[in-house]
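Structure data follow from protein.pdb (PDB, C-alpha atoms):
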```pdb
ATOM      1  CA  MET A 856     -10.614  25.139   1.053
ATOM      2  CA  LYS A 857      -7.221  26.474   0.015
ATOM      3  CA  THR A 858      -7.146  29.656  -2.012
ATOM      4  CA  THR A 859      -5.111  31.055  -4.863
ATOM      5  CA  THR A 860      -3.161  33.104  -2.302
ATOM      6  CA  LEU A 861      -2.015  29.885  -0.603
ATOM      7  CA  LEU A 862      -0.811  28.510  -3.924
ATOM      8  CA  ILE A 863       1.275  31.621  -4.542
ATOM      9  CA  VAL A 864       2.800  31.252  -1.089
ATOM     10  CA  LEU A 865       3.596  27.620  -1.803
ATOM     11  CA  LEU A 866       5.416  28.585  -4.956
ATOM     12  CA  CYS A 867       7.493  31.099  -3.010
ATOM     13  CA  LEU A 868       8.390  28.628  -0.265
ATOM     14  CA  LYS A 869      10.326  26.190  -2.390
ATOM     15  CA  THR A 870      13.528  27.155  -0.581
ATOM     16  CA  SER A 871      16.463  24.957  -1.560
ATOM     17  CA  TRP A 872      14.125  22.862  -3.737
ATOM     18  CA  GLY A 873      16.920  21.804  -6.051
ATOM     19  CA  GLN A 874      19.151  20.907  -3.124
ATOM     20  CA  ILE A 875      16.769  18.299  -1.694
ATOM     21  CA  GLN A 876      17.767  14.902  -3.034
ATOM     22  CA  TYR A 877      15.149  12.376  -4.068
ATOM     23  CA  ARG A 878      13.762  10.348  -1.179
ATOM     24  CA  PRO A 879      12.405   6.928  -2.229
ATOM     25  CA  MET A 880       9.719   5.078  -0.312
ATOM     26  CA  PRO A 881      11.026   3.179   2.732
ATOM     27  CA  GLU A 882      11.471  -0.536   2.120
ATOM     28  CA  THR A 883      11.855  -1.814   5.699
ATOM     29  CA  ASP A 884       9.938  -1.381   8.963
ATOM     30  CA  ALA A 885       7.525   1.338   7.836
ATOM     31  CA  THR A 886       3.894   1.936   8.829
ATOM     32  CA  TRP A 887       1.106   4.092   7.390
ATOM     33  CA  ILE A 888      -2.181   4.610   9.271
ATOM     34  CA  GLN A 889      -4.900   5.843   6.942
ATOM     35  CA  ALA A 890      -8.638   6.454   7.052
ATOM     36  CA  GLN A 891     -11.512   6.686   4.597
ATOM     37  CA  PHE A 892     -14.958   8.248   4.931
ATOM     38  CA  LEU A 893     -17.202   6.645   2.320
ATOM     39  CA  TYR A 894     -20.727   7.471   1.209
ATOM     40  CA  SER A 895     -23.269   4.667   0.963
ATOM     41  CA  ILE A 896     -26.097   5.190  -1.511
ATOM     42  CA  GLY A 897     -28.581   3.098   0.484
ATOM     43  CA  GLY A 898     -30.068   4.917   3.461
ATOM     44  CA  HIS A 899     -27.716   7.892   3.178
ATOM     45  CA  GLU A 900     -25.227   6.316   5.540
ATOM     46  CA  HIS A 901     -21.491   6.725   5.708
ATOM     47  CA  GLN A 902     -18.767   4.251   6.553
ATOM     48  CA  THR A 903     -15.517   5.099   8.323
ATOM     49  CA  ILE A 904     -12.565   2.795   7.721
ATOM     50  CA  THR A 905      -9.197   2.886   9.451
ATOM     51  CA  THR A 906      -6.382   0.807   7.971
ATOM     52  CA  ALA A 907      -2.845   0.025   9.051
ATOM     53  CA  VAL A 908      -0.434  -0.634   6.133
ATOM     54  CA  TYR A 909       3.042  -1.877   6.993
ATOM     55  CA  ILE A 910       6.118  -3.465   5.411
ATOM     56  CA  THR A 911       6.674  -7.127   6.224
ATOM     57  CA  GLY A 912       9.610  -8.090   3.976
ATOM     58  CA  ASP A 913      10.266  -8.590   0.281
ATOM     59  CA  THR A 914       9.713 -11.126  -2.473
ATOM     60  CA  VAL A 915      10.563 -11.767  -6.136
ATOM     61  CA  ILE A 916       7.928 -11.584  -8.896
ATOM     62  CA  ASN A 917       8.844 -12.051 -12.558
ATOM     63  CA  GLY A 918      12.494 -11.640 -11.664
ATOM     64  CA  LEU A 919      11.974  -8.267  -9.938
ATOM     65  CA  THR A 920      12.210  -7.553  -6.225
ATOM     66  CA  TYR A 921       9.023  -6.269  -4.580
ATOM     67  CA  VAL A 922       8.430  -4.919  -1.095
ATOM     68  CA  LYS A 923       5.801  -6.944   0.715
ATOM     69  CA  ILE A 924       3.134  -5.013   2.618
ATOM     70  CA  GLY A 925       0.497  -6.254   5.018
ATOM     71  CA  SER A 926      -2.670  -4.449   6.008
ATOM     72  CA  HIS A 927      -5.629  -4.829   8.331
ATOM     73  CA  GLY A 928      -8.288  -2.493   9.590
ATOM     74  CA  THR A 929     -11.609  -1.795  11.204
ATOM     75  CA  TYR A 930     -14.807  -0.054  10.108
ATOM     76  CA  LYS A 931     -17.986   1.468  11.508
ATOM     77  CA  TRP A 932     -21.171   2.785   9.975
ATOM     78  CA  MET A 933     -22.268   6.377  10.501
ATOM     79  CA  ASP A 934     -25.872   7.519  10.143
ATOM     80  CA  GLY A 935     -26.552  10.916   8.650
ATOM     81  CA  PHE A 936     -23.409  13.010   8.566
ATOM     82  CA  GLY A 937     -21.065  11.801  11.283
ATOM     83  CA  THR A 938     -23.135  10.350  14.124
ATOM     84  CA  GLN A 939     -21.898   6.894  15.065
ATOM     85  CA  ASN A 940     -24.636   4.314  15.351
ATOM     86  CA  PRO A 941     -23.345   1.004  16.788
ATOM     87  CA  SER A 942     -26.575  -0.753  15.818
ATOM     88  CA  THR A 943     -25.661  -0.483  12.130
ATOM     89  CA  GLY A 944     -22.648  -2.730  12.608
ATOM     90  CA  GLY A 945     -18.928  -2.704  12.006
ATOM     91  CA  GLY A 946     -15.917  -4.748  12.961
ATOM     92  CA  PRO A 947     -12.423  -5.809  11.948
ATOM     93  CA  ILE A 948     -11.152  -6.001   8.366
ATOM     94  CA  ALA A 949      -9.128  -9.157   7.698
ATOM     95  CA  HIS A 950      -5.382  -9.117   7.095
ATOM     96  CA  SER A 951      -4.306  -8.914   3.447
ATOM     97  CA  THR A 952      -0.997  -8.824   1.585
ATOM     98  CA  GLY A 953       0.215  -6.645  -1.286
ATOM     99  CA  TYR A 954       3.452  -5.759  -3.080
ATOM    100  CA  PHE A 955       5.120  -2.640  -4.456
ATOM    101  CA  ARG A 956       8.418  -1.894  -6.197
ATOM    102  CA  GLN A 957      10.362   1.231  -7.071
ATOM    103  CA  ASP A 958      12.220   2.566 -10.077
ATOM    104  CA  ILE A 959      14.450   5.012  -8.219
ATOM    105  CA  VAL A 960      16.072   6.345 -11.406
ATOM    106  CA  GLN A 961      12.678   7.232 -12.912
ATOM    107  CA  LYS A 962      11.273   8.182  -9.462
ATOM    108  CA  LYS A 963       8.307   5.864  -9.928
ATOM    109  CA  VAL A 964       6.523   3.487  -7.568
ATOM    110  CA  PHE A 965       4.456   0.566  -8.866
ATOM    111  CA  ILE A 966       1.960  -1.640  -7.055
ATOM    112  CA  TRP A 967       1.413  -5.258  -8.110
ATOM    113  CA  ASN A 968      -2.051  -6.178  -9.390
ATOM    114  CA  SER A 969      -2.247  -9.859  -8.436
ATOM    115  CA  PRO A 970      -5.454 -10.757 -10.364
ATOM    116  CA  ASN A 971      -4.118  -9.218 -13.600
ATOM    117  CA  GLN A 972      -0.476 -10.153 -12.927
ATOM    118  CA  THR A 973       0.657  -6.652 -13.916
ATOM    119  CA  ASP A 974       2.266  -3.566 -12.422
ATOM    120  CA  GLU A 975       0.151  -0.449 -11.928
ATOM    121  CA  LEU A 976       1.509   3.048 -11.378
ATOM    122  CA  LEU A 977       1.135   4.217  -7.777
ATOM    123  CA  TYR A 978       3.381   7.321  -7.809
ATOM    124  CA  ASP A 979       5.388   9.160 -10.459
ATOM    125  CA  PHE A 980       7.422  11.819  -8.682
ATOM    126  CA  GLY A 981       9.538  12.391 -11.777
ATOM    127  CA  SER A 982       6.855  13.895 -14.026
ATOM    128  CA  LEU A 983       4.956  16.364 -11.817
ATOM    129  CA  VAL A 984       4.642  19.724 -13.572
ATOM    130  CA  ILE A 985       2.686  22.651 -12.134
ATOM    131  CA  GLY A 986      -0.496  23.258 -14.106
ATOM    132  CA  GLN A 987      -0.512  19.778 -15.656
ATOM    133  CA  PRO A 988      -2.806  16.833 -14.732
ATOM    134  CA  TYR A 989      -1.605  14.607 -11.939
ATOM    135  CA  PRO A 990      -0.606  11.237 -13.513
ATOM    136  CA  GLU A 991      -3.164   8.507 -14.119
ATOM    137  CA  THR A 992      -2.284   6.455 -11.021
ATOM    138  CA  VAL A 993      -4.362   3.714  -9.403
ATOM    139  CA  THR A 994      -5.354   6.168  -6.678
ATOM    140  CA  ASN A 995      -6.286   9.105  -8.930
ATOM    141  CA  TYR A 996     -10.058   8.729  -9.267
ATOM    142  CA  ASN A 997     -10.399  12.214 -10.752
ATOM    143  CA  TYR A 998      -7.973  11.958 -13.683
ATOM    144  CA  PRO A 999      -7.437  14.191 -15.686
ATOM    145  CA  ASN A1000      -9.210  16.796 -13.553
ATOM    146  CA  LEU A1001      -6.800  16.519 -10.624
ATOM    147  CA  LEU A1002      -3.994  18.996 -11.319
ATOM    148  CA  VAL A1003      -0.549  19.759  -9.922
ATOM    149  CA  MET A1004      -1.203  23.208  -8.452
ATOM    150  CA  GLY A1005       1.987  23.963  -6.550
ATOM    151  CA  GLN A1006       5.241  22.601  -5.203
ATOM    152  CA  ASP A1007       7.271  23.304  -2.097
ATOM    153  CA  SER A1008       9.274  21.515   0.585
ATOM    154  CA  VAL A1009       7.968  20.483   3.973
ATOM    155  CA  GLN A1010       9.888  19.737   7.159
ATOM    156  CA  LEU A1011       8.705  16.469   8.666
ATOM    157  CA  MET A1012       9.044  15.197  12.213
ATOM    158  CA  ASP A1013      12.572  13.856  11.674
ATOM    159  CA  GLY A1014      13.780  17.405  11.028
ATOM    160  CA  ASN A1015      14.495  16.827   7.322
ATOM    161  CA  TYR A1016      12.899  18.544   4.342
ATOM    162  CA  TYR A1017      10.917  16.566   1.773
ATOM    163  CA  LYS A1018       9.627  17.675  -1.621
ATOM    164  CA  ARG A1019       5.850  18.136  -1.729
ATOM    165  CA  TRP A1020       3.342  18.780  -4.509
ATOM    166  CA  VAL A1021      -0.101  20.272  -3.862
ATOM    167  CA  LEU A1022      -2.924  18.765  -5.922
ATOM    168  CA  GLY A1023      -6.437  19.929  -6.630
ATOM    169  CA  THR A1024      -8.738  21.354  -9.270
ATOM    170  CA  ASN A1025      -9.538  24.822 -10.548
ATOM    171  CA  SER A1026     -12.866  24.665  -8.739
ATOM    172  CA  GLN A1027     -13.765  25.459  -5.116
ATOM    173  CA  ASP A1028     -12.175  22.110  -4.199
ATOM    174  CA  SER A1029      -8.682  23.320  -5.100
ATOM    175  CA  ALA A1030      -5.581  22.187  -3.193
ATOM    176  CA  TYR A1031      -7.206  19.494  -1.069
ATOM    177  CA  VAL A1032      -4.466  16.838  -1.146
ATOM    178  CA  SER A1033      -0.669  16.605  -1.473
ATOM    179  CA  VAL A1034       1.963  14.004  -2.335
ATOM    180  CA  ILE A1035       5.300  13.912  -0.509
ATOM    181  CA  GLU A1036       8.454  12.124  -1.655
ATOM    182  CA  GLY A1037       9.287   9.202   0.612
ATOM    183  CA  VAL A1038       5.869   9.304   2.295
ATOM    184  CA  GLY A1039       3.172   9.167  -0.363
ATOM    185  CA  GLY A1040      -0.142  10.977  -0.474
ATOM    186  CA  THR A1041      -1.776  12.871   2.359
ATOM    187  CA  SER A1042      -4.755  10.761   1.279
ATOM    188  CA  GLY A1043      -2.866   7.618   2.362
ATOM    189  CA  PHE A1044      -0.196   5.357   0.928
ATOM    190  CA  ASN A1045      -2.522   3.409  -1.394
ATOM    191  CA  THR A1046      -6.021   4.795  -0.732
ATOM    192  CA  PRO A1047      -7.965   6.571  -3.492
ATOM    193  CA  ILE A1048      -7.877  10.337  -3.853
ATOM    194  CA  TYR A1049     -11.606  11.030  -3.916
ATOM    195  CA  PRO A1050     -13.070  14.157  -5.496
ATOM    196  CA  VAL A1051     -14.349  16.273  -2.622
ATOM    197  CA  PHE A1052     -17.999  15.310  -2.236
ATOM    198  CA  GLU A1053     -19.063  13.446   0.895
ATOM    199  CA  GLN A1054     -16.059  11.127   0.579
ATOM    200  CA  GLU A1055     -12.507  11.525   1.771
ATOM    201  CA  SER A1056      -9.305   9.602   2.320
ATOM    202  CA  HIS A1057      -6.686  10.750   4.771
ATOM    203  CA  LEU A1058      -3.184   9.787   5.983
ATOM    204  CA  LEU A1059      -3.302   9.899   9.778
ATOM    205  CA  CYS A1060       0.363   9.134  10.443
ATOM    206  CA  HIS A1061       3.502   7.532   9.011
ATOM    207  CA  LYS A1062       6.657   6.250  10.679
ATOM    208  CA  VAL A1063       9.813   4.327   9.779
ATOM    209  CA  GLY A1064      11.225   2.202  12.571
ATOM    210  CA  THR A1065      10.698   4.199  15.749
ATOM    211  CA  GLN A1066      10.911   7.564  13.961
ATOM    212  CA  GLN A1067       7.536   9.143  13.308
ATOM    213  CA  LEU A1068       7.696  11.293  10.161
ATOM    214  CA  TYR A1069       4.158  12.526   9.562
ATOM    215  CA  GLU A1070       1.064  13.054  11.682
ATOM    216  CA  ASP A1071      -2.314  14.612  10.965
ATOM    217  CA  TRP A1072      -5.169  13.446  13.172
ATOM    218  CA  ARG A1073      -7.001  16.710  12.655
ATOM    219  CA  GLY A1074      -8.693  15.864   9.364
ATOM    220  CA  ASN A1075     -12.440  15.795   8.839
ATOM    221  CA  ILE A1076     -12.567  12.009   9.121
ATOM    222  CA  LEU A1077     -13.635  10.492  12.414
ATOM    223  CA  PRO A1078     -11.563   7.280  12.511
ATOM    224  CA  PRO A1079     -12.956   4.221  14.320
ATOM    225  CA  GLU A1080      -9.585   3.740  16.009
ATOM    226  CA  TYR A1081      -6.429   5.770  16.342
ATOM    227  CA  SER A1082      -2.951   5.382  17.790
ATOM    228  CA  GLU A1083      -0.943   8.184  19.352
ATOM    229  CA  ASP A1084       2.373   6.466  18.494
ATOM    230  CA  CYS A1085       1.374   5.400  14.956
ATOM    231  CA  SER A1086       1.418   1.741  15.980
ATOM    232  CA  ARG A1087       0.460  -0.806  13.339
ATOM    233  CA  THR A1088      -1.552  -2.737  15.940
ATOM    234  CA  LEU A1089      -3.901   0.256  16.163
ATOM    235  CA  ALA A1090      -6.079  -1.495  18.759
ATOM    236  CA  LEU A1091      -7.228  -3.766  15.952
ATOM    237  CA  GLU A1092      -7.513  -7.515  15.756
ATOM    238  CA  GLN A1093      -4.344  -8.243  13.800
ATOM    239  CA  LYS A1094      -3.910 -11.682  12.307
ATOM    240  CA  ASP A1095      -0.466 -13.150  12.947
ATOM    241  CA  GLU A1096       1.765 -13.466   9.896
ATOM    242  CA  ILE A1097       1.788 -17.005   8.564
ATOM    243  CA  LYS A1098       5.256 -18.558   8.806
ATOM    244  CA  LEU A1099       6.621 -20.904   6.130
ATOM    245  CA  ILE A1100       9.644 -23.181   5.917
ATOM    246  CA  ILE A1101      10.747 -24.616   2.555
ATOM    247  CA  PHE A1102      13.547 -27.183   2.650
ATOM    248  CA  PRO A1103      15.907 -28.070   1.222
ATOM    249  CA  ASN A1104      16.373 -24.807  -0.645
ATOM    250  CA  PRO A1105      18.320 -24.923  -2.955
ATOM    251  CA  ALA A1106      16.875 -28.316  -3.823
ATOM    252  CA  ASN A1107      17.771 -31.127  -6.215
ATOM    253  CA  SER A1108      14.380 -32.742  -6.774
ATOM    254  CA  ASN A1109      11.874 -32.786  -3.911
ATOM    255  CA  VAL A1110      11.025 -29.965  -1.502
ATOM    256  CA  SER A1111       8.967 -29.962   1.670
ATOM    257  CA  ILE A1112       6.798 -27.027   2.739
ATOM    258  CA  GLN A1113       5.836 -26.550   6.372
ATOM    259  CA  SER A1114       3.556 -23.865   7.754
ATOM    260  CA  ASN A1115       2.189 -22.844  11.135
ATOM    261  CA  GLY A1116      -1.227 -22.778   9.431
ATOM    262  CA  LEU A1117      -3.152 -25.101   7.145
ATOM    263  CA  ILE A1118      -2.172 -25.145   3.452
ATOM    264  CA  ARG A1119      -4.863 -25.273   0.775
ATOM    265  CA  SER A1120      -2.716 -25.426  -2.362
ATOM    266  CA  VAL A1121       0.774 -24.808  -3.755
ATOM    267  CA  GLU A1122       1.536 -23.559  -7.273
ATOM    268  CA  ILE A1123       5.030 -23.522  -8.790
ATOM    269  CA  CYS A1124       5.580 -20.775 -11.387
ATOM    270  CA  ASN A1125       8.484 -19.579 -13.492
ATOM    271  CA  LEU A1126       9.735 -16.008 -13.119
ATOM    272  CA  ASN A1127       7.290 -14.861 -15.801
ATOM    273  CA  GLY A1128       4.387 -15.983 -13.615
ATOM    274  CA  GLN A1129       3.512 -19.013 -15.792
ATOM    275  CA  SER A1130       2.059 -21.875 -13.734
ATOM    276  CA  LEU A1131       4.055 -25.120 -14.105
ATOM    277  CA  ILE A1132       2.882 -27.323 -11.241
ATOM    278  CA  ARG A1133      -0.196 -27.081  -9.043
ATOM    279  CA  HIS A1134      -0.842 -29.258  -6.012
ATOM    280  CA  GLU A1135      -4.171 -29.245  -4.164
ATOM    281  CA  ASN A1136      -3.769 -30.231  -0.531
ATOM    282  CA  SER A1137      -7.042 -32.105  -0.062
ATOM    283  CA  ASN A1138      -6.273 -32.864   3.581
ATOM    284  CA  LYS A1139      -5.296 -29.232   4.220
ATOM    285  CA  ASP A1140      -2.361 -30.300   6.370
ATOM    286  CA  ASN A1141       0.322 -27.857   7.429
ATOM    287  CA  GLU A1142       3.043 -29.847   5.655
ATOM    288  CA  LEU A1143       3.392 -31.293   2.143
ATOM    289  CA  SER A1144       6.070 -32.546  -0.250
ATOM    290  CA  LEU A1145       6.477 -31.619  -3.927
ATOM    291  CA  ASP A1146       8.249 -33.554  -6.682
ATOM    292  CA  LEU A1147      10.107 -31.066  -8.930
ATOM    293  CA  ASN A1148      12.040 -33.616 -11.017
ATOM    294  CA  ASN A1149      10.351 -32.474 -14.229
ATOM    295  CA  LEU A1150      11.623 -28.915 -13.869
ATOM    296  CA  LYS A1151      14.952 -27.694 -15.205
ATOM    297  CA  GLN A1152      17.638 -26.142 -13.071
ATOM    298  CA  GLY A1153      16.827 -22.557 -12.189
ATOM    299  CA  VAL A1154      14.832 -20.250  -9.929
ATOM    300  CA  TYR A1155      11.078 -20.669  -9.450
ATOM    301  CA  LEU A1156       8.328 -19.073  -7.396
ATOM    302  CA  ALA A1157       6.061 -21.004  -5.043
ATOM    303  CA  ARG A1158       2.601 -19.488  -4.568
ATOM    304  CA  ILE A1159       1.154 -20.945  -1.362
ATOM    305  CA  LEU A1160      -2.532 -20.485  -0.554
ATOM    306  CA  SER A1161      -3.504 -20.935   3.087
ATOM    307  CA  ALA A1162      -6.787 -22.464   4.210
ATOM    308  CA  ASP A1163      -8.083 -19.034   5.257
ATOM    309  CA  GLY A1164      -7.425 -17.519   1.818
ATOM    310  CA  HIS A1165      -4.068 -15.766   2.256
ATOM    311  CA  THR A1166      -1.491 -16.037  -0.529
ATOM    312  CA  MET A1167       2.263 -16.178   0.130
ATOM    313  CA  MET A1168       5.098 -16.116  -2.404
ATOM    314  CA  ARG A1169       8.445 -17.833  -1.863
ATOM    315  CA  GLN A1170      11.473 -18.411  -4.101
ATOM    316  CA  ILE A1171      12.822 -21.915  -4.763
ATOM    317  CA  GLN A1172      16.142 -22.652  -6.444
ATOM    318  CA  LEU A1173      16.723 -25.970  -8.230
ATOM    319  CA  ILE A1174      20.237 -27.277  -8.781
ATOM    320  CA  ARG A1175      21.247 -30.446 -10.634
TER
END
```
Kindly transcribe the structure held in the file into structure tokens.
Amino acid sequence: MKTTTLLIVLLCLKTSWGQIQYRPMPETDATWIQAQFLYSIGGHEHQTITTAVYITGDTVINGLTYVKIGSHGTYKWMDGFGTQNPSTGGGPIAHSTGYFRQDIVQKKVFIWNSPNQTDELLYDFGSLVIGQPYPETVTNYNYPNLLVMGQDSVQLMDGNYYKRWVLGTNSQDSAYVSVIEGVGGTSGFNTPIYPVFEQESHLLCHKVGTQQLYEDWRGNILPPEYSEDCSRTLALEQKDEIKLIIFPNPANSNVSIQSNGLIRSVEICNLNGQSLIRHENSNKDNELSLDLNNLKQGVYLARILSADGHTMMRQIQLIR
């Protein structure tokens, strides 16, 4: 564990801290590879999970622009404390989709909670004060015990310096995780920061485009899979992104929706998320037509649910 001496050094190393401009999260072509080591109460087993999180585009929710992220992974069970046992199972984790947005002025990052239809705080780089609790984010499982214990700057693999805050507690578990502007937590982009007790989350690598920015494969977690070049494929079974075509768009009355996969249902919502039209595709074809004559001119959101349970959001504009 880190010591008080390390924290003093960190405070002394904040060279040119005020000269480093704020670096927001990347919004195109970025990948995070992250791992978790989770304790299972039954049988004293552990589970290792490796996940690839990557940006796939953007969308509009409630009138705000969100960055769309995909993720998939793999897991294995570990008996005892770190011995892999193939007989206990494992396998791929299905592809899923999420969304985040940024308030660059406030230096905040929010993640969209789809079931609750609300934003949740993921990072608040604008309110980190040494000695104060780390903010109550969706990843901070130890609030208010997790504290900001130091700040410095770190040179990443692109040669640039990024602001970093060291987090921990006043116990023997002090200084066990950090958050870095433009990268996220050393626990992972959106994985929980677990109190140190038989559980851990860890950012293995991060890159934007072809430029790798961060790498740390030397953590205590034994990942089921790893990738030397921080590739989002990660030797995992990645499900191809479902492709959609909505036409005409802008539309006057009717629109057609085509997909390369089967469609279960389509829901038309206003920009506040209120459902206005819902169509169940009983035949689960990959094409359907919607009558939007009863809607006024404006911009709407189409929430398309595929037959295998994936949700996609698209914008539709109606003109009269």
Near segment 1041-1057 of chain A, counting all atoms listed in the file, which residues have an atom at most 9 Å away, once you skip same-chain residues fewer than 5 positions from it, shown as an mmCIF file with C-alpha atoms, in the frame of the given file?
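The resulting file, part37.cif, is shown below:
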```
data_model
loop_
_atom_site.group_PDB
_atom_site.id
_atom_site.type_symbol
_atom_site.label_atom_id
_atom_site.label_comp_id
_atom_site.auth_asym_id
_atom_site.auth_seq_id
_atom_site.Cartn_x
_atom_site.Cartn_y
_atom_site.Cartn_z
ATOM 1 C CA TRP A 887 1.106 4.092 7.390
ATOM 2 C CA ILE A 888 -2.181 4.610 9.271
ATOM 3 C CA GLN A 889 -4.900 5.843 6.942
ATOM 4 C CA ALA A 890 -8.638 6.454 7.052
ATOM 5 C CA GLN A 891 -11.512 6.686 4.597
ATOM 6 C CA PHE A 892 -14.958 8.248 4.931
ATOM 7 C CA LEU A 893 -17.202 6.645 2.320
ATOM 8 C CA TYR A 894 -20.727 7.471 1.209
ATOM 9 C CA HIS A 901 -21.491 6.725 5.708
ATOM 10 C CA VAL A 908 -0.434 -0.634 6.133
ATOM 11 C CA PHE A 936 -23.409 13.010 8.566
ATOM 12 C CA ILE A 966 1.960 -1.640 -7.055
ATOM 13 C CA LEU A 977 1.135 4.217 -7.777
ATOM 14 C CA VAL A 993 -4.362 3.714 -9.403
ATOM 15 C CA THR A 994 -5.354 6.168 -6.678
ATOM 16 C CA ASN A 995 -6.286 9.105 -8.930
ATOM 17 C CA TYR A 996 -10.058 8.729 -9.267
ATOM 18 C CA ASN A 997 -10.399 12.214 -10.752
ATOM 19 C CA LEU A 1001 -6.800 16.519 -10.624
ATOM 20 C CA GLY A 1023 -6.437 19.929 -6.630
ATOM 21 C CA ASP A 1028 -12.175 22.110 -4.199
ATOM 22 C CA TYR A 1031 -7.206 19.494 -1.069
ATOM 23 C CA VAL A 1032 -4.466 16.838 -1.146
ATOM 24 C CA SER A 1033 -0.669 16.605 -1.473
ATOM 25 C CA VAL A 1034 1.963 14.004 -2.335
ATOM 26 C CA ILE A 1035 5.300 13.912 -0.509
ATOM 27 C CA ASP A 1071 -2.314 14.612 10.965
ATOM 28 C CA TRP A 1072 -5.169 13.446 13.172
ATOM 29 C CA GLY A 1074 -8.693 15.864 9.364
ATOM 30 C CA ASN A 1075 -12.440 15.795 8.839
ATOM 31 C CA ILE A 1076 -12.567 12.009 9.121
#
```
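The residues returned by the PyMOL selection byres ((chain A and resi 1016) around 10) on the shown structure are Thr870, Ser871, Trp872, Ile875, Gln876, Arg878, Asp1007, Ser1008, Val1009, Gln1010, Leu1011, Met1012, Asp1013, Gly1014, Asn1015, Tyr1017, Lys1018, Arg1019 and Glu1036 of chain A.
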Kindly save the residues from that selection, with C-alpha atoms included, as a PDB file, in the coordinates of the input.
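Result went into out16.pdb, see below:
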```pdb
ATOM      1  CA  THR A 870      13.528  27.155  -0.581  1.00  0.00           C
ATOM      2  CA  SER A 871      16.463  24.957  -1.560  1.00  0.00           C
ATOM      3  CA  TRP A 872      14.125  22.862  -3.737  1.00  0.00           C
ATOM      4  CA  ILE A 875      16.769  18.299  -1.694  1.00  0.00           C
ATOM      5  CA  GLN A 876      17.767  14.902  -3.034  1.00  0.00           C
ATOM      6  CA  ARG A 878      13.762  10.348  -1.179  1.00  0.00           C
ATOM      7  CA  ASP A1007       7.271  23.304  -2.097  1.00  0.00           C
ATOM      8  CA  SER A1008       9.274  21.515   0.585  1.00  0.00           C
ATOM      9  CA  VAL A1009       7.968  20.483   3.973  1.00  0.00           C
ATOM     10  CA  GLN A1010       9.888  19.737   7.159  1.00  0.00           C
ATOM     11  CA  LEU A1011       8.705  16.469   8.666  1.00  0.00           C
ATOM     12  CA  MET A1012       9.044  15.197  12.213  1.00  0.00           C
ATOM     13  CA  ASP A1013      12.572  13.856  11.674  1.00  0.00           C
ATOM     14  CA  GLY A1014      13.780  17.405  11.028  1.00  0.00           C
ATOM     15  CA  ASN A1015      14.495  16.827   7.322  1.00  0.00           C
ATOM     16  CA  TYR A1017      10.917  16.566   1.773  1.00  0.00           C
ATOM     17  CA  LYS A1018       9.627  17.675  -1.621  1.00  0.00           C
ATOM     18  CA  ARG A1019       5.850  18.136  -1.729  1.00  0.00           C
ATOM     19  CA  GLU A1036       8.454  12.124  -1.655  1.00  0.00           C
TER      20      GLU A1036
END
```
Q.
Assuming the chain letters and numbering stay as they are in my file, what does the PyMOL selection byres ((chain A and resi 990) around 9) actually select? List them as a PyMOL selection string.
A. chain A and resi 976+978-979+982-983+987-989+991-992+995+998-999+1001-1002
Q | Output of the PyMOL selection byres ((chain A and resi 1069) around 8), listed as a PyMOL selection string | A | chain A and resi 1011-1012+1059-1062+1067-1068+1070-1071
Q) What's the 6 Å shell around Thr929 of chain A, counting only C-alpha atoms, without same-chain residues fewer than 3 positions away, as number ranges by chain? A) A: 904-905, 946-948
